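Engineer: Structure file input-v6.cif (mmCIF, C-alpha atoms) is given on the next line.
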```cif
data_upload
loop_
_atom_site.label_atom_id
_atom_site.label_comp_id
_atom_site.auth_asym_id
_atom_site.auth_seq_id
_atom_site.Cartn_x
_atom_site.Cartn_y
_atom_site.Cartn_z
CA MET A 1 6.58 -85.23 -94.53
CA GLY A 2 9.94 -86.46 -95.79
CA ASN A 3 10.92 -89.83 -94.33
CA VAL A 4 8.05 -90.06 -91.84
CA PRO A 5 6.03 -93.23 -92.57
CA ARG A 6 2.39 -92.75 -93.47
CA GLY A 7 0.07 -92.58 -90.47
CA LEU A 8 2.88 -92.89 -87.92
CA LEU A 9 1.69 -92.57 -84.33
CA LEU A 10 3.96 -90.13 -82.54
CA GLY A 11 2.08 -90.18 -79.24
CA ALA A 12 3.67 -87.14 -77.59
CA ALA A 13 1.84 -83.90 -76.98
CA LEU A 14 4.84 -81.59 -77.03
CA MET A 15 6.39 -81.70 -80.49
CA ALA A 16 8.01 -79.48 -83.08
CA PRO A 17 5.39 -77.48 -85.00
CA VAL A 18 6.06 -79.39 -88.22
CA MET A 19 4.67 -82.48 -86.48
CA ALA A 20 1.59 -80.70 -85.17
CA ASP A 21 -1.70 -82.55 -85.40
CA GLU A 22 -4.71 -81.27 -87.30
CA THR A 23 -4.74 -77.84 -85.85
CA CYS A 24 -8.25 -77.65 -84.44
CA MET A 25 -7.30 -80.38 -81.97
CA SER A 26 -6.07 -80.52 -78.38
CA PRO A 27 -2.28 -80.63 -77.81
CA TYR A 28 -2.84 -83.47 -75.35
CA MET A 29 -3.97 -85.90 -78.01
CA ALA A 30 -1.87 -88.64 -79.58
CA LYS A 31 -0.28 -87.23 -82.73
CA ILE A 32 -0.19 -88.58 -86.26
CA VAL A 33 1.31 -87.33 -89.49
CA GLY A 34 0.89 -88.32 -93.12
CA GLN A 35 -2.23 -89.25 -95.03
CA GLU A 36 -5.50 -89.52 -93.12
CA ASP A 37 -7.74 -92.45 -94.07
CA VAL A 38 -11.22 -91.38 -93.02
CA LEU A 39 -13.22 -88.27 -92.26
CA TYR A 40 -15.91 -88.42 -89.56
CA VAL A 41 -18.72 -85.95 -90.27
CA TRP A 42 -21.19 -85.06 -87.50
CA THR A 43 -24.37 -84.42 -89.49
CA LEU A 44 -27.70 -82.73 -88.71
CA GLY A 45 -30.84 -84.68 -89.46
CA VAL A 46 -33.27 -82.95 -91.80
CA GLU A 47 -36.97 -83.79 -91.88
CA GLY A 48 -37.87 -85.57 -95.11
CA ILE A 49 -34.25 -86.41 -96.02
CA GLY A 50 -33.29 -90.05 -95.44
CA ASP A 51 -34.20 -91.17 -91.92
CA GLY A 52 -34.27 -87.55 -90.75
CA GLU A 53 -31.91 -88.31 -87.84
CA ASP A 54 -28.59 -86.86 -86.76
CA LYS A 55 -25.76 -89.20 -87.72
CA LEU A 56 -22.03 -89.74 -87.83
CA VAL A 57 -21.01 -90.20 -91.46
CA THR A 58 -17.65 -91.74 -92.40
CA VAL A 59 -16.02 -90.70 -95.68
CA ASP A 60 -13.04 -92.47 -97.27
CA VAL A 61 -10.41 -89.77 -97.89
CA ASN A 62 -7.34 -91.87 -98.72
CA PRO A 63 -6.57 -91.19 -102.42
CA ASP A 64 -5.07 -94.68 -102.75
CA SER A 65 -8.42 -96.26 -101.86
CA GLU A 66 -10.86 -97.47 -104.50
CA ARG A 67 -13.62 -95.69 -102.58
CA PHE A 68 -11.88 -92.34 -102.26
CA GLY A 69 -14.34 -89.50 -101.73
CA GLN A 70 -17.27 -91.82 -100.98
CA VAL A 71 -19.40 -92.47 -97.91
CA ILE A 72 -18.47 -95.85 -96.43
CA HIS A 73 -20.48 -95.87 -93.19
CA GLN A 74 -23.15 -94.03 -91.22
CA VAL A 75 -24.52 -94.32 -87.68
CA SER A 76 -27.86 -92.66 -86.88
CA VAL A 77 -28.48 -91.65 -83.26
CA GLY A 78 -32.27 -91.27 -83.15
CA GLY A 79 -34.07 -87.98 -83.67
CA ARG A 80 -32.74 -84.50 -84.35
CA ASN A 81 -30.62 -82.97 -81.61
CA GLU A 82 -29.02 -80.05 -83.51
CA ALA A 83 -25.80 -81.96 -84.18
CA HIS A 84 -22.94 -79.51 -83.98
CA HIS A 85 -19.40 -80.09 -82.66
CA SER A 86 -17.36 -83.17 -81.83
CA GLY A 87 -13.95 -84.06 -80.43
CA PHE A 88 -11.76 -87.06 -79.62
CA THR A 89 -10.65 -88.15 -76.18
CA ASP A 90 -6.92 -87.68 -75.54
CA ASP A 91 -6.26 -91.32 -76.52
CA ARG A 92 -8.37 -90.90 -79.67
CA ARG A 93 -10.31 -94.05 -78.90
CA TYR A 94 -13.67 -92.29 -78.61
CA LEU A 95 -15.32 -89.39 -80.43
CA TRP A 96 -17.70 -87.23 -78.39
CA ALA A 97 -20.41 -85.45 -80.39
CA SER A 98 -22.98 -83.11 -78.91
CA GLY A 99 -26.47 -81.80 -79.66
CA LEU A 100 -27.13 -78.09 -79.08
CA ASP A 101 -30.89 -78.52 -78.74
CA SER A 102 -31.32 -81.78 -76.80
CA SER A 103 -28.09 -81.33 -74.78
CA LYS A 104 -27.35 -85.01 -75.33
CA ILE A 105 -23.76 -86.25 -75.74
CA PHE A 106 -23.16 -89.15 -78.14
CA ILE A 107 -19.93 -91.08 -77.60
CA PHE A 108 -18.71 -93.15 -80.55
CA ASP A 109 -16.18 -95.98 -80.43
CA VAL A 110 -13.76 -95.22 -83.28
CA HIS A 111 -10.91 -97.53 -82.26
CA SER A 112 -12.53 -100.97 -82.55
CA ASP A 113 -13.15 -100.50 -86.27
CA PRO A 114 -12.09 -97.00 -87.44
CA ALA A 115 -13.90 -97.39 -90.78
CA LYS A 116 -17.15 -98.30 -89.01
CA PRO A 117 -17.64 -96.33 -85.77
CA ARG A 118 -20.37 -97.51 -83.44
CA LEU A 119 -22.44 -95.64 -80.88
CA HIS A 120 -20.92 -96.57 -77.51
CA LYS A 121 -22.77 -94.42 -74.98
CA VAL A 122 -25.27 -91.57 -74.74
CA ILE A 123 -25.14 -89.02 -71.91
CA GLU A 124 -28.72 -87.83 -71.41
CA ASP A 125 -28.48 -86.03 -68.04
CA PHE A 126 -26.01 -83.29 -69.06
CA VAL A 127 -28.28 -80.44 -67.93
CA LYS A 128 -29.16 -82.00 -64.58
CA ALA A 129 -25.64 -83.22 -63.78
CA SER A 130 -24.08 -79.87 -64.65
CA GLY A 131 -26.48 -77.84 -62.54
CA GLY A 132 -28.23 -76.18 -65.45
CA VAL A 133 -25.83 -75.84 -68.37
CA VAL A 134 -27.61 -76.15 -71.74
CA GLY A 135 -26.27 -76.60 -75.27
CA PRO A 136 -22.96 -78.51 -75.11
CA HIS A 137 -20.73 -77.14 -77.86
CA THR A 138 -16.98 -77.85 -77.92
CA ASN A 139 -15.78 -81.31 -76.84
CA TYR A 140 -12.12 -80.76 -75.94
CA ALA A 141 -9.55 -83.29 -74.75
CA LEU A 142 -7.60 -82.75 -71.54
CA PRO A 143 -5.52 -85.47 -69.84
CA GLY A 144 -8.09 -88.17 -68.98
CA ARG A 145 -10.84 -85.59 -69.24
CA MET A 146 -13.24 -84.01 -71.70
CA MET A 147 -14.08 -80.32 -71.27
CA LEU A 148 -17.41 -79.32 -72.78
CA THR A 149 -18.37 -75.69 -73.25
CA GLY A 150 -22.01 -74.72 -72.90
CA LEU A 151 -23.95 -72.08 -74.83
CA SER A 152 -26.96 -71.58 -72.58
CA ASN A 153 -28.72 -72.39 -69.30
CA ASP A 154 -32.00 -73.93 -68.16
CA ARG A 155 -33.06 -70.85 -66.20
CA ASP A 156 -33.83 -68.42 -69.03
CA HIS A 157 -32.25 -70.14 -72.08
CA GLY A 158 -30.06 -67.06 -72.48
CA GLY A 159 -26.32 -66.94 -73.09
CA GLN A 160 -24.99 -67.15 -69.52
CA THR A 161 -23.48 -70.59 -69.09
CA GLY A 162 -20.53 -72.69 -67.99
CA MET A 163 -18.07 -75.42 -68.92
CA VAL A 164 -18.68 -79.00 -67.86
CA GLU A 165 -15.88 -81.44 -67.15
CA TYR A 166 -16.21 -85.22 -67.60
CA SER A 167 -13.91 -88.18 -67.26
CA ASN A 168 -13.03 -90.02 -70.47
CA GLN A 169 -15.45 -92.72 -69.33
CA GLY A 170 -18.34 -90.25 -69.43
CA ASN A 171 -18.67 -89.56 -65.71
CA TYR A 172 -19.49 -86.02 -64.57
CA VAL A 173 -16.62 -84.28 -62.74
CA ALA A 174 -17.37 -80.56 -62.30
CA THR A 175 -19.05 -77.44 -63.65
CA HIS A 176 -17.04 -74.26 -64.16
CA TRP A 177 -19.31 -71.22 -64.53
CA MET A 178 -18.31 -68.39 -66.83
CA PRO A 179 -17.52 -65.20 -64.90
CA LYS A 180 -20.19 -62.50 -65.15
CA GLU A 181 -21.22 -59.24 -63.52
CA GLY A 182 -21.92 -59.92 -59.87
CA ALA A 183 -20.14 -63.27 -59.98
CA LEU A 184 -16.64 -62.73 -61.35
CA ASN A 185 -15.38 -65.76 -59.41
CA GLY A 186 -12.00 -64.10 -58.84
CA ALA A 187 -11.52 -62.89 -62.41
CA THR A 188 -10.32 -59.40 -63.28
CA LYS A 189 -12.55 -57.40 -65.60
CA THR A 190 -10.32 -55.42 -67.97
CA GLY A 191 -12.93 -53.62 -70.04
CA GLN A 192 -16.64 -53.02 -70.40
CA TYR A 193 -17.96 -56.60 -70.47
CA ALA A 194 -18.37 -59.56 -68.14
CA ASP A 195 -21.27 -61.35 -69.82
CA GLY A 196 -20.87 -64.96 -68.67
CA TYR A 197 -21.33 -66.32 -72.21
CA GLY A 198 -19.54 -69.33 -73.69
CA TYR A 199 -18.65 -70.97 -76.99
CA ASP A 200 -15.19 -72.47 -77.64
CA VAL A 201 -12.25 -73.55 -75.44
CA ARG A 202 -8.52 -73.96 -76.16
CA VAL A 203 -5.38 -74.28 -74.05
CA LEU A 204 -1.71 -73.31 -74.01
CA PRO A 205 -0.31 -75.81 -71.48
CA ARG A 206 3.14 -74.20 -71.34
CA ARG A 207 1.49 -70.97 -70.10
CA ASN A 208 -0.97 -72.76 -67.80
CA ALA A 209 -3.63 -70.91 -69.76
CA MET A 210 -7.10 -71.89 -70.96
CA PHE A 211 -9.24 -69.61 -73.13
CA THR A 212 -12.98 -69.44 -73.73
CA SER A 213 -14.93 -67.39 -76.26
CA SER A 214 -18.61 -66.37 -76.33
CA PHE A 215 -21.63 -66.60 -78.62
CA THR A 216 -25.35 -66.63 -77.77
CA GLY A 217 -27.99 -68.67 -75.98
CA TRP A 218 -30.62 -71.25 -76.93
CA ASN A 219 -33.27 -68.56 -77.46
CA ASN A 220 -31.22 -67.19 -80.35
CA TYR A 221 -29.48 -70.18 -81.92
CA MET A 222 -32.73 -72.13 -82.18
CA MET A 223 -34.56 -69.14 -83.70
CA GLY A 224 -34.80 -68.54 -87.44
CA LEU A 225 -31.91 -66.35 -88.61
CA GLY A 226 -34.10 -63.78 -90.36
CA LYS A 227 -36.42 -63.44 -87.37
CA MET A 228 -33.49 -63.07 -84.98
CA MET A 229 -31.72 -60.43 -87.08
CA ALA A 230 -34.95 -58.41 -87.25
CA ASP A 231 -35.30 -58.48 -83.45
CA PRO A 232 -33.26 -55.66 -81.82
CA GLU A 233 -33.44 -57.29 -78.39
CA ALA A 234 -32.26 -60.66 -79.71
CA MET A 235 -29.31 -59.00 -81.45
CA LYS A 236 -28.19 -57.59 -78.10
CA GLN A 237 -27.88 -61.12 -76.70
CA PHE A 238 -24.44 -62.00 -78.06
CA GLY A 239 -21.18 -62.45 -76.21
CA ASN A 240 -18.39 -59.88 -76.24
CA THR A 241 -15.64 -61.57 -74.25
CA VAL A 242 -12.72 -63.95 -74.22
CA VAL A 243 -11.84 -65.27 -70.77
CA VAL A 244 -8.35 -66.39 -69.77
CA TRP A 245 -8.39 -69.16 -67.16
CA ASP A 246 -5.81 -70.84 -64.94
CA LEU A 247 -5.69 -74.21 -66.68
CA HIS A 248 -4.69 -76.27 -63.66
CA SER A 249 -7.08 -74.76 -61.11
CA ARG A 250 -9.88 -74.09 -63.66
CA GLN A 251 -10.27 -70.59 -62.20
CA PRO A 252 -11.05 -67.59 -64.43
CA LYS A 253 -8.29 -64.98 -64.29
CA THR A 254 -8.85 -62.24 -66.88
CA ILE A 255 -11.90 -61.11 -68.88
CA LEU A 256 -10.98 -59.48 -72.19
CA ASP A 257 -13.30 -57.35 -74.30
CA VAL A 258 -13.72 -58.86 -77.79
CA PRO A 259 -17.00 -57.31 -78.99
CA GLY A 260 -19.07 -58.92 -81.72
CA ALA A 261 -19.41 -62.63 -80.81
CA PRO A 262 -15.93 -64.19 -80.87
CA LEU A 263 -16.30 -67.77 -82.08
CA GLU A 264 -13.56 -70.33 -82.76
CA LEU A 265 -10.27 -70.02 -80.87
CA ARG A 266 -7.03 -71.26 -82.44
CA CYS A 267 -3.79 -71.09 -80.48
CA ALA A 268 -0.30 -71.05 -81.94
CA TRP A 269 1.81 -74.20 -81.80
CA GLY A 270 5.33 -72.72 -81.62
CA ALA A 271 7.10 -73.04 -78.27
CA LYS A 272 7.57 -69.28 -78.00
CA ASN A 273 4.35 -68.16 -79.68
CA ASN A 274 2.13 -67.18 -76.79
CA TYR A 275 -0.96 -66.12 -78.68
CA CYS A 276 -4.28 -67.29 -80.11
CA PHE A 277 -6.62 -66.02 -82.82
CA THR A 278 -10.37 -65.65 -82.94
CA THR A 279 -12.87 -63.95 -85.26
CA THR A 280 -15.97 -61.94 -84.42
CA ALA A 281 -19.05 -63.06 -86.34
CA LEU A 282 -20.98 -59.81 -86.07
CA THR A 283 -18.16 -57.37 -86.86
CA SER A 284 -15.97 -59.42 -89.25
CA LYS A 285 -12.74 -58.79 -87.35
CA LEU A 286 -9.71 -60.98 -86.79
CA TRP A 287 -8.56 -60.70 -83.18
CA LEU A 288 -5.26 -61.58 -81.52
CA ILE A 289 -5.19 -62.76 -77.91
CA TYR A 290 -1.58 -62.38 -76.78
CA GLU A 291 0.62 -62.35 -73.69
CA GLN A 292 2.93 -59.42 -72.97
CA ASP A 293 4.85 -58.81 -69.77
CA GLY A 294 2.92 -61.56 -68.04
CA GLN A 295 -0.49 -60.11 -68.91
CA TRP A 296 -3.01 -61.18 -71.55
CA HIS A 297 -4.45 -58.68 -74.02
CA ALA A 298 -6.91 -58.64 -76.94
CA GLN A 299 -6.41 -56.62 -80.11
CA ALA A 300 -8.29 -56.45 -83.42
CA VAL A 301 -5.62 -56.97 -86.08
CA ALA A 302 -7.46 -57.30 -89.43
CA ASP A 303 -10.77 -56.95 -91.21
CA ILE A 304 -12.37 -60.00 -92.83
CA GLY A 305 -14.02 -58.95 -96.07
CA ASP A 306 -16.60 -56.16 -96.09
CA ALA A 307 -18.28 -56.09 -92.69
CA SER A 308 -21.22 -54.10 -94.11
CA LYS A 309 -22.16 -57.15 -96.20
CA ILE A 310 -22.13 -59.40 -93.10
CA PRO A 311 -19.83 -62.15 -94.48
CA LEU A 312 -20.18 -63.87 -91.05
CA PRO A 313 -16.78 -65.41 -90.29
CA VAL A 314 -17.24 -68.83 -88.73
CA ASP A 315 -14.54 -71.51 -88.59
CA ILE A 316 -10.77 -70.88 -88.69
CA SER A 317 -7.72 -73.16 -88.89
CA ILE A 318 -4.13 -72.23 -88.07
CA SER A 319 -1.25 -73.90 -89.92
CA ALA A 320 1.21 -76.07 -88.03
CA ASP A 321 4.04 -73.56 -88.59
CA ASP A 322 1.88 -70.68 -87.30
CA ASN A 323 2.35 -68.77 -90.55
CA HIS A 324 -1.12 -69.01 -92.08
CA LEU A 325 -4.75 -68.93 -90.98
CA TRP A 326 -7.72 -70.18 -93.00
CA VAL A 327 -10.93 -68.21 -92.35
CA ASN A 328 -14.36 -69.27 -93.62
CA THR A 329 -17.18 -66.78 -94.12
CA TRP A 330 -20.53 -68.53 -94.14
CA ASN A 331 -22.74 -65.94 -95.77
CA ASP A 332 -20.72 -65.54 -98.99
CA GLY A 333 -19.36 -69.12 -99.13
CA LEU A 334 -15.72 -67.98 -99.25
CA THR A 335 -12.58 -69.36 -97.66
CA ARG A 336 -9.81 -66.85 -97.11
CA LEU A 337 -6.15 -67.40 -96.32
CA PHE A 338 -4.26 -64.92 -94.16
CA ASP A 339 -0.50 -64.66 -93.81
CA ILE A 340 -0.05 -64.38 -90.02
CA SER A 341 3.75 -64.64 -89.91
CA ASP A 342 3.44 -61.26 -88.18
CA PRO A 343 0.47 -61.99 -85.90
CA PHE A 344 -0.09 -58.27 -85.29
CA ALA A 345 -0.43 -57.54 -89.02
CA PRO A 346 -2.24 -60.38 -90.85
CA LYS A 347 -2.54 -60.04 -94.63
CA GLN A 348 -5.10 -61.79 -96.82
CA VAL A 349 -3.31 -63.69 -99.59
CA LEU A 350 -6.12 -65.81 -101.09
CA SER A 351 -9.90 -65.92 -101.41
CA GLU A 352 -11.87 -68.72 -103.06
CA LYS A 353 -15.54 -69.63 -103.36
CA ILE A 354 -16.31 -73.02 -101.82
CA GLY A 355 -20.11 -73.14 -102.09
CA GLY A 356 -23.38 -71.31 -101.59
CA GLN A 357 -22.48 -71.27 -97.90
CA VAL A 358 -19.46 -72.65 -96.04
CA ASN A 359 -18.94 -73.32 -92.36
CA MET A 360 -16.25 -75.69 -91.06
CA VAL A 361 -12.71 -76.19 -92.33
CA SER A 362 -10.35 -78.99 -91.31
CA GLN A 363 -6.70 -78.88 -92.31
CA SER A 364 -4.67 -82.08 -92.63
CA TRP A 365 -1.80 -82.79 -90.31
CA ASP A 366 0.80 -81.96 -92.96
CA GLY A 367 -1.14 -78.94 -94.24
CA GLU A 368 -1.49 -80.38 -97.75
CA ARG A 369 -5.24 -81.10 -97.67
CA LEU A 370 -8.33 -79.22 -96.55
CA TYR A 371 -11.89 -80.35 -96.03
CA TYR A 372 -14.92 -78.07 -95.99
CA SER A 373 -18.49 -78.59 -94.76
CA SER A 374 -21.48 -76.35 -95.14
CA SER A 375 -24.11 -76.42 -92.40
CA LEU A 376 -24.17 -73.82 -89.63
CA LEU A 377 -27.43 -74.31 -87.68
CA ALA A 378 -30.67 -75.95 -88.77
CA ASN A 379 -32.67 -72.72 -88.54
CA TRP A 380 -29.89 -70.54 -89.95
CA ASP A 381 -28.90 -72.54 -93.05
CA LYS A 382 -29.92 -71.18 -96.43
CA THR A 383 -32.82 -72.93 -98.12
CA GLU A 384 -32.53 -71.39 -101.58
CA GLY A 385 -29.62 -71.48 -103.98
CA GLU A 386 -27.19 -74.11 -105.21
CA ASP A 387 -24.37 -76.07 -103.61
CA LEU A 388 -25.63 -75.59 -100.07
CA GLN A 389 -25.04 -78.88 -98.19
CA TYR A 390 -21.79 -80.64 -98.96
CA VAL A 391 -18.45 -81.98 -97.83
CA LYS A 392 -15.59 -81.14 -100.19
CA GLY A 393 -11.94 -82.13 -100.24
CA TYR A 394 -9.12 -79.99 -101.62
CA ARG A 395 -5.41 -80.37 -102.22
CA TRP A 396 -3.27 -77.38 -101.21
CA ASP A 397 0.19 -76.90 -102.75
CA GLY A 398 0.94 -73.63 -100.98
CA LYS A 399 -0.33 -71.55 -103.88
CA ALA A 400 -3.69 -72.87 -105.04
CA LEU A 401 -6.60 -75.07 -103.96
CA GLU A 402 -7.47 -78.05 -106.17
CA GLN A 403 -10.76 -79.83 -105.51
CA THR A 404 -10.43 -83.61 -105.18
CA PHE A 405 -13.99 -84.66 -104.34
CA SER A 406 -17.42 -83.27 -103.54
CA LEU A 407 -20.33 -84.97 -101.75
CA ASP A 408 -23.84 -83.52 -101.86
CA PHE A 409 -25.22 -84.59 -98.46
CA HIS A 410 -28.85 -83.78 -99.28
CA GLN A 411 -28.74 -85.65 -102.57
CA ALA A 412 -27.21 -88.61 -100.71
CA GLU A 413 -30.07 -88.37 -98.17
CA LEU A 414 -27.68 -87.92 -95.26
CA GLY A 415 -28.67 -84.50 -93.88
CA SER A 416 -26.66 -81.32 -93.36
CA PRO A 417 -22.94 -81.81 -92.58
CA HIS A 418 -21.36 -79.83 -89.77
CA GLN A 419 -18.07 -80.69 -88.07
CA MET A 420 -15.41 -83.02 -89.49
CA ARG A 421 -12.73 -85.03 -87.69
CA MET A 422 -9.95 -87.10 -89.25
CA GLY A 423 -8.91 -90.68 -88.53
CA ALA A 424 -6.01 -92.91 -89.50
CA PHE A 425 -5.99 -96.71 -89.31
CA ALA A 426 -2.40 -96.79 -88.04
CA LEU A 427 -3.53 -95.17 -84.80
CA TYR A 428 -5.14 -98.47 -83.90
CA GLY A 429 -2.60 -100.92 -85.29
CA GLN A 430 -4.18 -101.21 -88.73
CA ARG A 431 -2.54 -100.68 -92.10
CA SER A 432 -3.63 -97.66 -94.12
CA GLU A 433 -3.74 -99.86 -97.19
CA SER A 434 -6.45 -102.07 -95.68
CA PRO A 435 -9.33 -102.43 -98.17
CA LEU A 436 -12.63 -100.88 -97.19
CA THR A 437 -15.83 -102.84 -97.59
CA GLY A 438 -19.06 -101.54 -99.03
CA PRO A 439 -21.25 -98.99 -97.24
CA THR A 440 -22.97 -100.13 -94.07
CA VAL A 441 -25.44 -98.61 -91.63
CA SER A 442 -25.49 -99.48 -87.93
CA ARG A 443 -27.44 -98.29 -84.94
#
```
I'd like the structure from this file rewritten - as structure tokens, please.

Structural biologist:
Amino acid sequence: MGNVPRGLLLGAALMAPVMADETCMSPYMAKIVGQEDVLYVWTLGVEGIGDGEDKLVTVDVNPDSERFGQVIHQVSVGGRNEAHHSGFTDDRRYLWASGLDSSKIFIFDVHSDPAKPRLHKVIEDFVKASGGVVGPHTNYALPGRMMLTGLSNDRDHGGQTGMVEYSNQGNYVATHWMPKEGALNGATKTGQYADGYGYDVRVLPRRNAMFTSSFTGWNNYMMGLGKMMADPEAMKQFGNTVVVWDLHSRQPKTILDVPGAPLELRCAWGAKNNYCFTTTALTSKLWLIYEQDGQWHAQAVADIGDASKIPLPVDISISADDNHLWVNTWNDGLTRLFDISDPFAPKQVLSEKIGGQVNMVSQSWDGERLYYSSSLLANWDKTEGEDLQYVKGYRWDGKALEQTFSLDFHQAELGSPHQMRMGAFALYGQRSESPLTGPTVSR
């Protein structure tokens, strides 16, 4: 990063792409560049492993630290909730982490002591307050707000759902239902589908646009993977849409057909790059969501591996310069790198085995480091084979990946690691060189 001091807090949401934050994050969040100090890992509890509870695990990832690549802290939350996704508030003082099964939201204080987060608050009435949304998934920062996507509902535990908006303090604000047949809520249906399903959310503030993708409901994601795939009716219950919303009014505007369960959404950072990417889990396609002549469109632009072998693309991460996209495929444990300098014609330029399975990928703010975690869902994870439950760090020089550390989460009796978020001490007025004490456990 040239002359930029390590861990410098930039604080502005609208910046040149080279200063872009870790690219899975909201553009409204305070920005940092340079070396991250810690990695927060939202981890599924596994019966018979450690205390068996979901937990937030903190890993030291500063290579100058004596404890680099080691677990330095963990906070258990009580029971197993199907720990899944997490996200910071716009001021990065709190990390919200949700449970897909219990529909509880766990809010961690990460600013008081960034190396030792503590459980600050638990939201237990998500379903009741929201009017029936089940399975909070993405926790996404908006100005003074957190937007949580749902995966299901309390009526039939199917995939029709909504988004739920909270204040940063954890107070319910509103529910925004996904448009569906018979209740389009003002949206225009452009193709065959209007399924009302949800999954991820991202925004392009300069276009007053918010995007949501779609997956499946509680009945499916809490079912064993083999049983679900053998059930023709269950396999019909997957989303096929990306919805474009008016960001300011929270009204759905356009429903786009993206068949095959579009999962993570990643939007470009460049000031003139009005597009986002997603991948379809069931059809192994890379899709482009783009604006042309004032209208939004969806187009499949590349294949991801051999779809007949069901590689199951899961997490993706776009580079800060919008030129590259990392794509993980869970079933074969591969990470792939696509050159997306021409977003309409992506080209795969690298493929590397990470483990027996791989799910999430987090790219550092300067693009020089990547972190991988393994767990997908408790009832979908593989139970046989090697190298199945881990967090791994890699250095990326633009040509090759070099592994820097590997943590076996089952061997360490922590559970199954899902989503990772990065922290830097300088965000909170602390020096990155501050020594870290021995491992602690708090509750």

Engineer: If the PyMOL selection byres ((chain A and resi 105-108) around 8) is run on the structure shown, which residues does it catch, given as number ranges by chain?

Structural biologist: A: 77, 94-99, 103-104, 109-110, 117-124, 126, 136

Engineer: Export, as a short mmCIF file (atom, residue, chain, number, x, y, z; two decimals), in the coordinates of the input, the selected residues with C-alpha atoms.

Structural biologist:
```
data_model
loop_
_atom_site.label_atom_id
_atom_site.label_comp_id
_atom_site.auth_asym_id
_atom_site.auth_seq_id
_atom_site.Cartn_x
_atom_site.Cartn_y
_atom_site.Cartn_z
CA VAL A 77 -28.48 -91.65 -83.26
CA TYR A 94 -13.67 -92.29 -78.61
CA LEU A 95 -15.32 -89.39 -80.43
CA TRP A 96 -17.70 -87.23 -78.39
CA ALA A 97 -20.41 -85.45 -80.39
CA SER A 98 -22.98 -83.11 -78.91
CA GLY A 99 -26.47 -81.80 -79.66
CA SER A 103 -28.09 -81.33 -74.78
CA LYS A 104 -27.35 -85.01 -75.33
CA ASP A 109 -16.18 -95.98 -80.43
CA VAL A 110 -13.76 -95.22 -83.28
CA PRO A 117 -17.64 -96.33 -85.77
CA ARG A 118 -20.37 -97.51 -83.44
CA LEU A 119 -22.44 -95.64 -80.88
CA HIS A 120 -20.92 -96.57 -77.51
CA LYS A 121 -22.77 -94.42 -74.98
CA VAL A 122 -25.27 -91.57 -74.74
CA ILE A 123 -25.14 -89.02 -71.91
CA GLU A 124 -28.72 -87.83 -71.41
CA PHE A 126 -26.01 -83.29 -69.06
CA PRO A 136 -22.96 -78.51 -75.11
#
```

Engineer: Report as a count of residues only the full result of the PyMOL selection byres ((chain A and resi 169) around 10) when it is applied to this structure.

Structural biologist: 13

Engineer: Pick from A:Leu265, A:Val127, A:Met360, A:Ala426: nearest to Pro114 of chain A, with only C-alpha atoms counted?

Structural biologist: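 Closest to Pro114 of chain A of all the choices is A:Ala426.
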
Engineer: Which of these residues is nearest to Leu44 of chain A, using all atoms listed in the file: A:Glu82, A:Glu384, A:Asp91, A:Glu413?

Structural biologist: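 Looking only at the distances to Leu44 of chain A, the closest residue turns out to be A:Glu82.
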
Engineer: Could you please determine the separation between atom CA of Tyr371 of chain A and atom CA of Gly333 of chain A in Å, to one decimal place?

Structural biologist: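 Taking atom CA of Tyr371 of chain A and atom CA of Gly333 of chain A, their separation equals 13.8 Å.
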
Engineer: I need the residue nearest Val203 of chain A from this list: A:Leu370, A:Leu247, A:Val75, A:Met29. Use only C-alpha atoms for the distance.

Structural biologist: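 The shortest atom-to-atom distance to Val203 of chain A comes from A:Leu247.
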
Engineer: For a quick check of understanding, using only C-alpha atoms, which of A:Arg67, A:Lys399, A:Lys392, A:His137 has the smallest distance to Leu151 of chain A?

Structural biologist: A:His137

Engineer: Quick one: distance from atom CA of Lys347 of chain A to atom CA of Ile289 of chain A in Å, one decimal?

Structural biologist: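 Atom CA of Ile289 of chain A lies at a distance of 17.1 Å from atom CA of Lys347 of chain A.
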
Engineer: Please evaluate the PyMOL selection byres ((chain A and resi 374) around 6) against the structure above and give the resulting residues as a list in words.

Structural biologist: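 For this structure, the PyMOL selection byres ((chain A and resi 374) around 6) resolves to Gln357, Val358, Asn359, Ser373, Ser375, Gln389 and Tyr390 of chain A.
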
Engineer: From the options A:Asp195, A:Glu181, A:Glu264, A:Glu47, which residue's atoms come nearest to Gln160 of chain A, counting all atoms listed in the file?

Structural biologist: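 Looking only at the distances to Gln160 of chain A, the closest residue turns out to be A:Asp195.
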
Engineer: Could you list as a ChimeraX atom specification every residue that has an atom within 8 Å of (-8.2, -80.5, -73.5), using the file's coordinates and counting all atoms listed in the file?

Structural biologist: /A:26-28,90,140-143,145-147,202-203

Engineer: List the neighbours of Val349 of chain A out to 8 Å using only C-alpha atoms; skip same-chain residues closer than 4 positions along the sequence, and give me the result as a PDB file with C-alpha atoms, in the coordinates of the input.

Structural biologist:
```
ATOM      1  CA  ARG A 336      -9.810 -66.850 -97.110  1.00  0.00           C
ATOM      2  CA  LEU A 337      -6.150 -67.400 -96.320  1.00  0.00           C
ATOM      3  CA  PHE A 338      -4.260 -64.920 -94.160  1.00  0.00           C
ATOM      4  CA  ASP A 339      -0.500 -64.660 -93.810  1.00  0.00           C
TER       5      ASP A 339
END
```

Engineer: Give me, as a JSON list (two decimals) with C-alpha atoms, in the coordinates of the input, all polymer residues having an atom no more than 6 Å from Ala424 of chain A, counting all atoms listed in the file and skipping those fewer than 2 positions away in the same chain.

Structural biologist:
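Output file result05.json follows:
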```
[["chain", "number", "residue", "atom", "x", "y", "z"],
["A", 36, "GLU", "CA", -5.50, -89.52, -93.12],
["A", 37, "ASP", "CA", -7.74, -92.45, -94.07],
["A", 426, "ALA", "CA", -2.40, -96.79, -88.04],
["A", 427, "LEU", "CA", -3.53, -95.17, -84.80]]
```
